[in-house]
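Containing mmCIF, C-alpha atoms: entry04.cif.
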```
data_structure
#
loop_
_atom_site.group_PDB
_atom_site.id
_atom_site.type_symbol
_atom_site.label_atom_id
_atom_site.label_comp_id
_atom_site.auth_asym_id
_atom_site.auth_seq_id
_atom_site.Cartn_x
_atom_site.Cartn_y
_atom_site.Cartn_z
ATOM 1 C CA MET V 12 0.000 0.000 0.000
ATOM 2 C CA PRO V 13 1.555 3.356 -1.030
ATOM 3 C CA TYR V 14 2.158 5.568 1.957
ATOM 4 C CA ASN V 15 0.602 8.603 0.268
ATOM 5 C CA VAL V 16 -2.758 6.829 0.596
ATOM 6 C CA LEU V 17 -2.507 7.586 4.330
ATOM 7 C CA ILE V 18 -2.679 11.344 3.685
ATOM 8 C CA LEU V 19 -6.478 11.342 3.558
ATOM 9 C CA PRO V 20 -6.945 9.645 6.965
ATOM 10 C CA LEU V 21 -4.479 12.128 8.460
ATOM 11 C CA CYS V 22 -6.473 14.991 6.954
ATOM 12 C CA GLY V 23 -9.606 13.391 8.375
ATOM 13 C CA GLY V 24 -8.019 13.211 11.820
ATOM 14 C CA TYR V 25 -7.029 16.874 11.583
ATOM 15 C CA PHE V 26 -10.576 17.816 10.496
ATOM 16 C CA ILE V 27 -12.057 16.065 13.533
ATOM 17 C CA LEU V 28 -9.657 17.687 16.000
ATOM 18 C CA ILE V 29 -10.219 21.262 14.839
ATOM 19 C CA ASN V 30 -13.954 21.044 14.100
ATOM 20 C CA PHE V 31 -15.597 18.578 16.488
ATOM 21 C CA VAL V 32 -16.932 20.590 19.418
ATOM 22 C CA TYR V 33 -15.590 18.180 22.044
ATOM 23 C CA PHE V 34 -12.012 18.526 20.782
ATOM 24 C CA LYS V 35 -11.472 21.783 18.919
ATOM 25 C CA TYR V 36 -11.183 24.146 21.893
ATOM 26 C CA LYS V 37 -8.276 22.096 23.198
ATOM 27 C CA TYR V 38 -6.411 21.503 19.967
ATOM 28 C CA GLN V 39 -6.831 25.050 18.623
ATOM 29 C CA ARG V 40 -4.527 26.185 21.439
ATOM 30 C CA LEU V 41 -1.726 23.716 20.718
ATOM 31 C CA GLU V 42 1.383 24.683 18.849
ATOM 32 C CA SER V 43 1.618 23.361 15.304
ATOM 33 C CA GLN V 44 3.984 20.473 16.142
ATOM 34 C CA ARG V 45 1.700 19.032 18.822
ATOM 35 C CA LEU V 46 -1.353 19.538 16.625
ATOM 36 C CA LEU V 47 0.361 17.659 13.791
ATOM 37 C CA PHE V 48 1.302 14.775 16.084
ATOM 38 C CA SER V 49 -2.234 14.634 17.493
ATOM 39 C CA SER V 50 -3.649 14.628 13.955
ATOM 40 C CA ILE V 51 -1.421 11.667 13.084
ATOM 41 C CA ILE V 52 -2.723 9.726 16.092
ATOM 42 C CA ALA V 53 -6.334 10.617 15.218
ATOM 43 C CA GLY V 54 -5.710 9.606 11.600
ATOM 44 C CA ILE V 55 -4.309 6.224 12.659
ATOM 45 C CA ILE V 56 -7.370 5.602 14.841
ATOM 46 C CA LEU V 57 -9.634 6.695 11.992
ATOM 47 C CA ILE V 58 -8.064 4.374 9.405
ATOM 48 C CA CYS V 59 -8.137 1.463 11.875
ATOM 49 C CA VAL V 60 -11.844 2.027 12.505
ATOM 50 C CA THR V 61 -12.484 2.217 8.758
ATOM 51 C CA PHE V 62 -10.582 -1.022 8.135
ATOM 52 C CA LEU V 63 -12.508 -2.712 10.918
ATOM 53 C CA ALA V 64 -15.800 -1.507 9.457
ATOM 54 C CA ARG V 65 -14.750 -2.806 6.034
ATOM 55 C CA ILE V 66 -13.874 -6.224 7.473
ATOM 56 C CA LEU V 67 -17.207 -6.450 9.298
ATOM 57 C CA VAL V 68 -19.202 -5.437 6.224
ATOM 58 C CA PHE V 69 -17.245 -7.902 4.065
ATOM 59 C CA HIS V 70 -17.857 -10.671 6.594
ATOM 60 C CA PHE V 71 -21.603 -10.140 6.979
ATOM 61 C CA PHE V 72 -22.480 -8.601 3.589
ATOM 62 C CA PRO V 73 -19.841 -9.784 1.061
ATOM 63 C CA ASN V 74 -22.025 -8.998 -1.928
ATOM 64 C CA ILE V 75 -22.193 -5.321 -0.980
ATOM 65 C CA ILE V 76 -18.403 -5.007 -1.028
ATOM 66 C CA HIS V 77 -18.205 -6.631 -4.455
ATOM 67 C CA CYS V 78 -20.920 -4.348 -5.842
ATOM 68 C CA ILE V 79 -19.209 -1.256 -4.454
ATOM 69 C CA SER V 80 -15.838 -2.427 -5.792
ATOM 70 C CA ASP V 81 -17.244 -3.016 -9.282
ATOM 71 C CA PHE V 82 -18.848 0.433 -9.255
ATOM 72 C CA LEU V 83 -15.657 2.208 -8.144
ATOM 73 C CA GLN V 84 -13.605 0.455 -10.801
ATOM 74 C CA LYS V 85 -15.480 2.452 -13.426
ATOM 75 C CA PHE V 86 -13.919 5.729 -12.284
ATOM 76 C CA PRO V 87 -10.966 6.854 -14.452
ATOM 77 C CA ILE V 88 -8.580 6.894 -11.524
ATOM 78 C CA LYS V 89 -5.433 4.889 -11.052
ATOM 79 C CA HIS V 90 -6.340 2.380 -8.383
ATOM 80 C CA TYR V 91 -4.006 1.673 -5.500
ATOM 81 C CA PRO V 92 -4.634 -0.959 -2.842
ATOM 82 C CA TYR V 93 -6.968 0.414 -0.159
ATOM 83 C CA PHE V 94 -7.278 3.743 -1.965
ATOM 84 C CA TRP V 95 -11.060 3.870 -1.635
ATOM 85 C CA THR V 96 -10.864 2.757 1.987
ATOM 86 C CA SER V 97 -8.665 5.779 2.587
ATOM 87 C CA VAL V 98 -11.133 8.035 0.762
ATOM 88 C CA ALA V 99 -13.989 6.568 2.789
ATOM 89 C CA SER V 100 -12.153 7.298 6.049
ATOM 90 C CA PHE V 101 -11.849 10.967 5.098
ATOM 91 C CA PHE V 102 -15.545 11.348 4.284
ATOM 92 C CA ILE V 103 -16.483 9.401 7.413
ATOM 93 C CA ALA V 104 -14.507 11.935 9.458
ATOM 94 C CA ILE V 105 -16.387 14.832 7.838
ATOM 95 C CA ILE V 106 -19.824 13.235 8.194
ATOM 96 C CA VAL V 107 -19.304 12.129 11.793
ATOM 97 C CA THR V 108 -18.001 15.574 12.778
ATOM 98 C CA LEU V 109 -20.808 17.550 11.139
ATOM 99 C CA VAL V 110 -23.579 15.217 12.294
ATOM 100 C CA GLY V 111 -22.099 15.010 15.800
ATOM 101 C CA ASN V 112 -21.940 18.795 16.120
ATOM 102 C CA LYS V 113 -25.521 19.116 14.876
ATOM 103 C CA VAL V 114 -26.787 16.558 17.375
ATOM 104 C CA ILE V 115 -24.951 18.327 20.205
ATOM 105 C CA GLN V 116 -26.433 21.689 19.180
ATOM 106 C CA LEU V 117 -29.964 20.257 19.056
ATOM 107 C CA LYS V 118 -29.571 18.575 22.428
ATOM 108 C CA LYS V 119 -30.801 20.861 25.212
ATOM 109 C CA GLY V 120 -27.765 22.400 26.852
ATOM 110 C CA GLY V 121 -25.413 20.181 24.862
ATOM 111 C CA TYR V 122 -23.415 22.880 23.102
ATOM 112 C CA ARG V 123 -23.322 25.095 26.186
ATOM 113 C CA ASN V 124 -22.076 22.179 28.281
ATOM 114 C CA CYS V 125 -19.314 21.507 25.755
ATOM 115 C CA ILE V 126 -18.207 25.139 25.889
ATOM 116 C CA SER V 127 -18.305 25.118 29.683
ATOM 117 C CA HIS V 128 -16.238 21.927 29.834
ATOM 118 C CA ALA V 129 -13.730 23.321 27.328
ATOM 119 C CA ILE V 130 -13.268 26.531 29.322
ATOM 120 C CA LYS V 131 -12.911 24.590 32.567
ATOM 121 C CA ARG V 132 -10.137 22.391 31.158
ATOM 122 C CA HIS V 133 -8.428 24.577 28.573
ATOM 123 C CA GLY V 134 -9.615 28.171 29.050
ATOM 124 C CA SER V 135 -7.586 31.127 30.215
ATOM 125 C CA GLU V 136 -8.042 32.505 33.722
ATOM 126 C CA LEU V 137 -10.167 35.332 32.311
ATOM 127 C CA GLU V 138 -12.422 32.901 30.429
ATOM 128 C CA LYS V 139 -12.778 30.785 33.581
ATOM 129 C CA LEU V 140 -13.834 33.879 35.524
ATOM 130 C CA PHE V 141 -16.561 34.662 32.980
ATOM 131 C CA ARG V 142 -17.614 30.994 33.035
ATOM 132 C CA THR V 143 -18.022 31.159 36.818
ATOM 133 C CA SER V 144 -20.159 34.285 36.500
ATOM 134 C CA ALA V 145 -22.290 32.779 33.716
ATOM 135 C CA LYS V 146 -22.927 29.559 35.654
ATOM 136 C CA THR V 147 -23.425 30.976 39.152
ATOM 137 C CA GLY V 148 -24.508 34.588 38.547
ATOM 138 C CA VAL V 149 -21.804 36.025 40.811
ATOM 139 C CA LEU V 150 -20.640 39.565 40.110
ATOM 140 C CA MET V 151 -17.322 40.459 38.525
ATOM 141 C CA GLN V 152 -15.183 43.563 38.790
ATOM 142 C CA ILE V 153 -13.520 44.517 35.501
ATOM 143 C CA THR V 154 -10.932 47.295 35.436
ATOM 144 C CA LEU V 155 -9.817 48.548 32.033
ATOM 145 C CA LYS V 156 -6.511 50.130 31.095
ATOM 146 C CA ASN V 157 -8.179 53.560 30.961
ATOM 147 C CA ASN V 158 -9.254 53.116 34.639
ATOM 148 C CA LYS V 159 -12.894 52.533 33.669
ATOM 149 C CA VAL V 160 -14.529 49.968 35.987
ATOM 150 C CA TYR V 161 -17.551 47.744 35.429
ATOM 151 C CA ILE V 162 -19.327 45.706 38.096
ATOM 152 C CA GLY V 163 -21.634 43.140 36.594
ATOM 153 C CA PHE V 164 -22.203 39.580 35.487
ATOM 154 C CA SER V 165 -22.104 37.549 32.309
ATOM 155 C CA ASN V 166 -24.708 35.147 31.006
ATOM 156 C CA VAL V 167 -22.761 34.341 27.843
ATOM 157 C CA LEU V 168 -20.034 31.716 27.942
ATOM 158 C CA PRO V 169 -16.938 33.013 26.112
ATOM 159 C CA VAL V 170 -16.159 30.520 23.355
ATOM 160 C CA PRO V 171 -12.364 29.956 23.527
ATOM 161 C CA LYS V 172 -10.445 31.714 20.741
ATOM 162 C CA GLU V 173 -13.615 32.594 18.830
ATOM 163 C CA SER V 174 -13.632 36.327 19.613
ATOM 164 C CA ASP V 175 -11.393 39.025 21.056
ATOM 165 C CA PHE V 176 -14.352 40.439 22.996
ATOM 166 C CA LEU V 177 -16.179 39.456 26.162
ATOM 167 C CA ILE V 178 -19.737 40.401 27.129
ATOM 168 C CA ILE V 179 -20.693 41.764 30.544
ATOM 169 C CA THR V 180 -24.063 43.007 31.820
ATOM 170 C CA PRO V 181 -23.147 45.914 34.118
ATOM 171 C CA LEU V 182 -24.924 46.762 37.344
ATOM 172 C CA LEU V 183 -22.523 49.538 38.337
ATOM 173 C CA SER V 184 -19.795 51.422 36.536
ATOM 174 C CA GLY V 185 -17.272 54.034 37.489
ATOM 175 C CA TYR V 186 -13.551 54.683 37.482
ATOM 176 C CA ARG V 187 -10.430 54.427 39.597
ATOM 177 C CA GLU V 188 -8.724 57.598 40.706
ATOM 178 C CA SER V 189 -5.444 57.978 38.886
ATOM 179 C CA GLU V 190 -3.355 58.474 42.024
ATOM 180 C CA THR V 191 -5.060 56.537 44.811
ATOM 181 C CA LYS V 192 -6.738 53.915 42.565
ATOM 182 C CA LEU V 193 -9.805 54.139 44.782
ATOM 183 C CA LEU V 194 -12.994 52.994 43.089
ATOM 184 C CA LYS V 195 -15.612 55.655 42.447
ATOM 185 C CA PHE V 196 -19.034 54.676 41.114
ATOM 186 C CA THR V 197 -20.714 57.083 38.712
ATOM 187 C CA THR V 198 -23.526 55.057 37.118
ATOM 188 C CA ASP V 199 -25.910 52.389 38.319
ATOM 189 C CA TYR V 200 -28.133 50.275 36.101
ATOM 190 C CA PHE V 201 -30.579 48.988 38.707
ATOM 191 C CA ASP V 202 -33.494 51.023 37.346
ATOM 192 C CA VAL V 203 -32.919 49.479 33.934
ATOM 193 C CA ILE V 204 -32.739 46.006 35.464
ATOM 194 C CA ASP V 205 -36.020 46.681 37.273
ATOM 195 C CA SER V 206 -37.549 47.734 33.967
ATOM 196 C CA PHE V 207 -36.473 44.436 32.462
ATOM 197 C CA VAL V 208 -38.153 42.612 35.313
ATOM 198 C CA ASP V 209 -41.330 44.676 34.838
ATOM 199 C CA ASN V 210 -41.248 43.987 31.061
ATOM 200 C CA THR V 211 -41.199 47.682 30.225
ATOM 201 C CA ALA V 212 -37.808 47.772 28.479
ATOM 202 C CA ASN V 213 -37.452 44.432 26.746
ATOM 203 C CA ASP V 214 -35.870 46.018 23.684
ATOM 204 C CA TYR V 215 -33.149 47.795 25.641
ATOM 205 C CA ASN V 216 -29.807 46.068 25.816
ATOM 206 C CA ILE V 217 -27.243 47.213 28.373
ATOM 207 C CA ASP V 218 -24.649 44.530 27.649
ATOM 208 C CA VAL V 219 -21.123 45.862 27.125
ATOM 209 C CA LEU V 220 -18.538 44.383 24.791
ATOM 210 C CA ILE V 221 -15.052 44.531 26.294
ATOM 211 C CA ARG V 222 -11.916 43.787 24.335
ATOM 212 C CA LYS V 223 -9.787 41.205 26.150
ATOM 213 C CA ASP V 224 -6.491 43.048 25.747
ATOM 214 C CA GLU V 225 -8.040 46.217 27.257
ATOM 215 C CA ILE V 226 -8.720 44.479 30.576
ATOM 216 C CA LEU V 227 -6.182 45.402 33.248
ATOM 217 C CA THR V 228 -7.586 43.394 36.170
ATOM 218 C CA ALA V 229 -10.600 41.143 36.669
ATOM 219 C CA SER V 230 -11.938 39.471 39.799
ATOM 220 C CA LEU V 231 -15.084 38.386 41.576
ATOM 221 C CA PHE V 232 -16.858 41.236 43.346
ATOM 222 C CA ASP V 233 -18.404 41.147 46.812
ATOM 223 C CA TYR V 234 -20.108 44.377 47.827
ATOM 224 C CA ARG V 235 -19.613 43.650 51.540
ATOM 225 C CA VAL V 236 -15.867 43.390 51.020
ATOM 226 C CA TYR V 237 -15.934 46.584 48.972
ATOM 227 C CA GLU V 238 -17.815 48.433 51.746
ATOM 228 C CA PHE V 239 -15.397 47.147 54.355
ATOM 229 C CA PHE V 240 -12.313 48.419 52.541
ATOM 230 C CA ASN V 241 -14.040 51.594 51.398
ATOM 231 C CA LYS V 242 -15.032 52.503 54.960
ATOM 232 C CA LYS V 243 -11.527 51.676 56.131
ATOM 233 C CA ASN V 244 -10.036 53.976 53.490
ATOM 234 C CA LEU V 245 -12.457 56.755 54.406
ATOM 235 C CA ASN V 246 -11.620 56.412 58.088
ATOM 236 C CA ASP V 247 -7.893 56.500 57.291
ATOM 237 C CA ASN V 248 -8.364 59.626 55.195
ATOM 238 C CA ASP V 249 -10.366 61.306 57.973
ATOM 239 C CA ALA V 250 -7.669 60.413 60.473
ATOM 240 C CA GLU V 251 -4.995 61.928 58.221
ATOM 241 C CA GLU V 252 -7.017 65.119 57.824
ATOM 242 C CA ASP V 253 -7.509 65.390 61.603
ATOM 243 C CA SER V 254 -3.796 64.900 62.213
ATOM 244 C CA VAL V 255 -3.015 67.685 59.718
ATOM 245 C CA LYS V 256 -5.413 70.017 61.504
#
```

Structure translated into structure tokens:
Amino acid sequence: MPYNVLILPLCGGYFILINFVYFKYKYQRLESQRLLFSSIIAGIILICVTFLARILVFHFFPNIIHCISDFLQKFPIKHYPYFWTSVASFFIAIIVTLVGNKVIQLKKGGYRNCISHAIKRHGSELEKLFRTSAKTGVLMQITLKNNKVYIGFSNVLPVPKESDFLIITPLLSGYRESETKLLKFTTDYFDVIDSFVDNTANDYNIDVLIRKDEILTASLFDYRVYEFFNKKNLNDNDAEEDSVK
């Protein structure tokens, strides 16, 4: 069997790794050498499965194999041993990947669960933070490079490597003072949130798109902790002012 016949199964293995939803978020992050090696392993598994399927079909339905072989012989292509088995493995990879992804998308919560699992295992720390907020509803504190601050949550799981932007639904926003870095709130969105609850502003969207490379710091936000440190800072400032007087 010519070794170039194995190119198609290797391409099929590569197609599965970068397109099947259970695998692609891991293998998209690998360097090219590791991705190539993984594609070779996937291709070997794919061609072995195809050979096994061919043996089983030949054993139980020998007439079908002969009919298919006679039909393929009519094509004006130079025939190598196992050439069509190799071609079949490539198309099997495409069909299984596309059908599998479609089934997962139609399954309730299937695609979202895949994304969540991918972020948990292979996501960046920022993506994991947004995943935690999307799954639990906890608030996040996002500080941008221009000192703008958003306090809010996310209900959209960030698909790894699909976009350079993240989505946050703000509840509060403000800025950090340039010198002290103390957080000052300037806008609250609670009235808008109440309007959503009362179904009076269903067409109004307050979600904010934030570019990943513009984020300076990101963390979970607890208002009780914020009040504790804020009161402490205010008391310290008052004490300094009294000492000056």

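Counting all atoms listed in the file and comparing V:Tyr36, V:Tyr237, V:Thr154, V:Thr228, the residue that lies closest to Glu136 (chain V) is V:Thr228.
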
| Contacts of Asp199 (chain V) at 7 Å (all atoms listed in the file; same-chain gap of 6+ positions) as a PyMOL selection string | chain V and resi 182-184

| request: Run the PyMOL selection byres ((chain V and resi 180) around 6) against the file shown and list the residues it catches, as a VMD selection string. | output: chain V and resid 163 to 165 179 181 218

| Smallest atom-to-atom distance to Pro171 (chain V): which of V:Ile130, V:Leu150, V:Ala104, V:Leu46, using only C-alpha atoms? | V:Ile130

Find the residues near Tyr38 (chain V): any atom within 7 Å, counting only C-alpha atoms, skip ones fewer than 4 places away on the same chain, and give them as a short mmCIF file (atom, residue, chain, number, x, y, z; two decimals) with C-alpha atoms, in the coordinates of the input.
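Wrote result.cif, looks like this:
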```cif
data_model
loop_
_atom_site.label_atom_id
_atom_site.label_comp_id
_atom_site.auth_asym_id
_atom_site.auth_seq_id
_atom_site.Cartn_x
_atom_site.Cartn_y
_atom_site.Cartn_z
CA LEU V 28 -9.66 17.69 16.00
CA ILE V 29 -10.22 21.26 14.84
CA PHE V 34 -12.01 18.53 20.78
CA LEU V 46 -1.35 19.54 16.62
#
```

| request: Compile the contact shell of His128 (chain V) as a VMD selection string: residues with an atom at most 10 Å away, counting all atoms listed in the file, same-chain residues fewer than 4 positions apart removed. | output: chain V and resid 33 36 122 to 124 132 to 134 142

Would you put the residues from that selection into a file with C-alpha atoms, as a PDB file, keeping the file's coordinate frame?
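So out-v4.pdb came out as:
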```pdb
ATOM      1  CA  TYR V  33     -15.590  18.180  22.044  1.00  0.00           C
ATOM      2  CA  TYR V  36     -11.183  24.146  21.893  1.00  0.00           C
ATOM      3  CA  TYR V 122     -23.415  22.880  23.102  1.00  0.00           C
ATOM      4  CA  ARG V 123     -23.322  25.095  26.186  1.00  0.00           C
ATOM      5  CA  ASN V 124     -22.076  22.179  28.281  1.00  0.00           C
ATOM      6  CA  ARG V 132     -10.137  22.391  31.158  1.00  0.00           C
ATOM      7  CA  HIS V 133      -8.428  24.577  28.573  1.00  0.00           C
ATOM      8  CA  GLY V 134      -9.615  28.171  29.050  1.00  0.00           C
ATOM      9  CA  ARG V 142     -17.614  30.994  33.035  1.00  0.00           C
TER      10      ARG V 142
END
```

| request: Name the residues that the PyMOL selection byres ((chain V and resi 187) around 12) picks from the file above, as a PyMOL selection string, using the file's chain letters and numbers. | output: chain V and resi 152-161+184-186+188-197+227-228
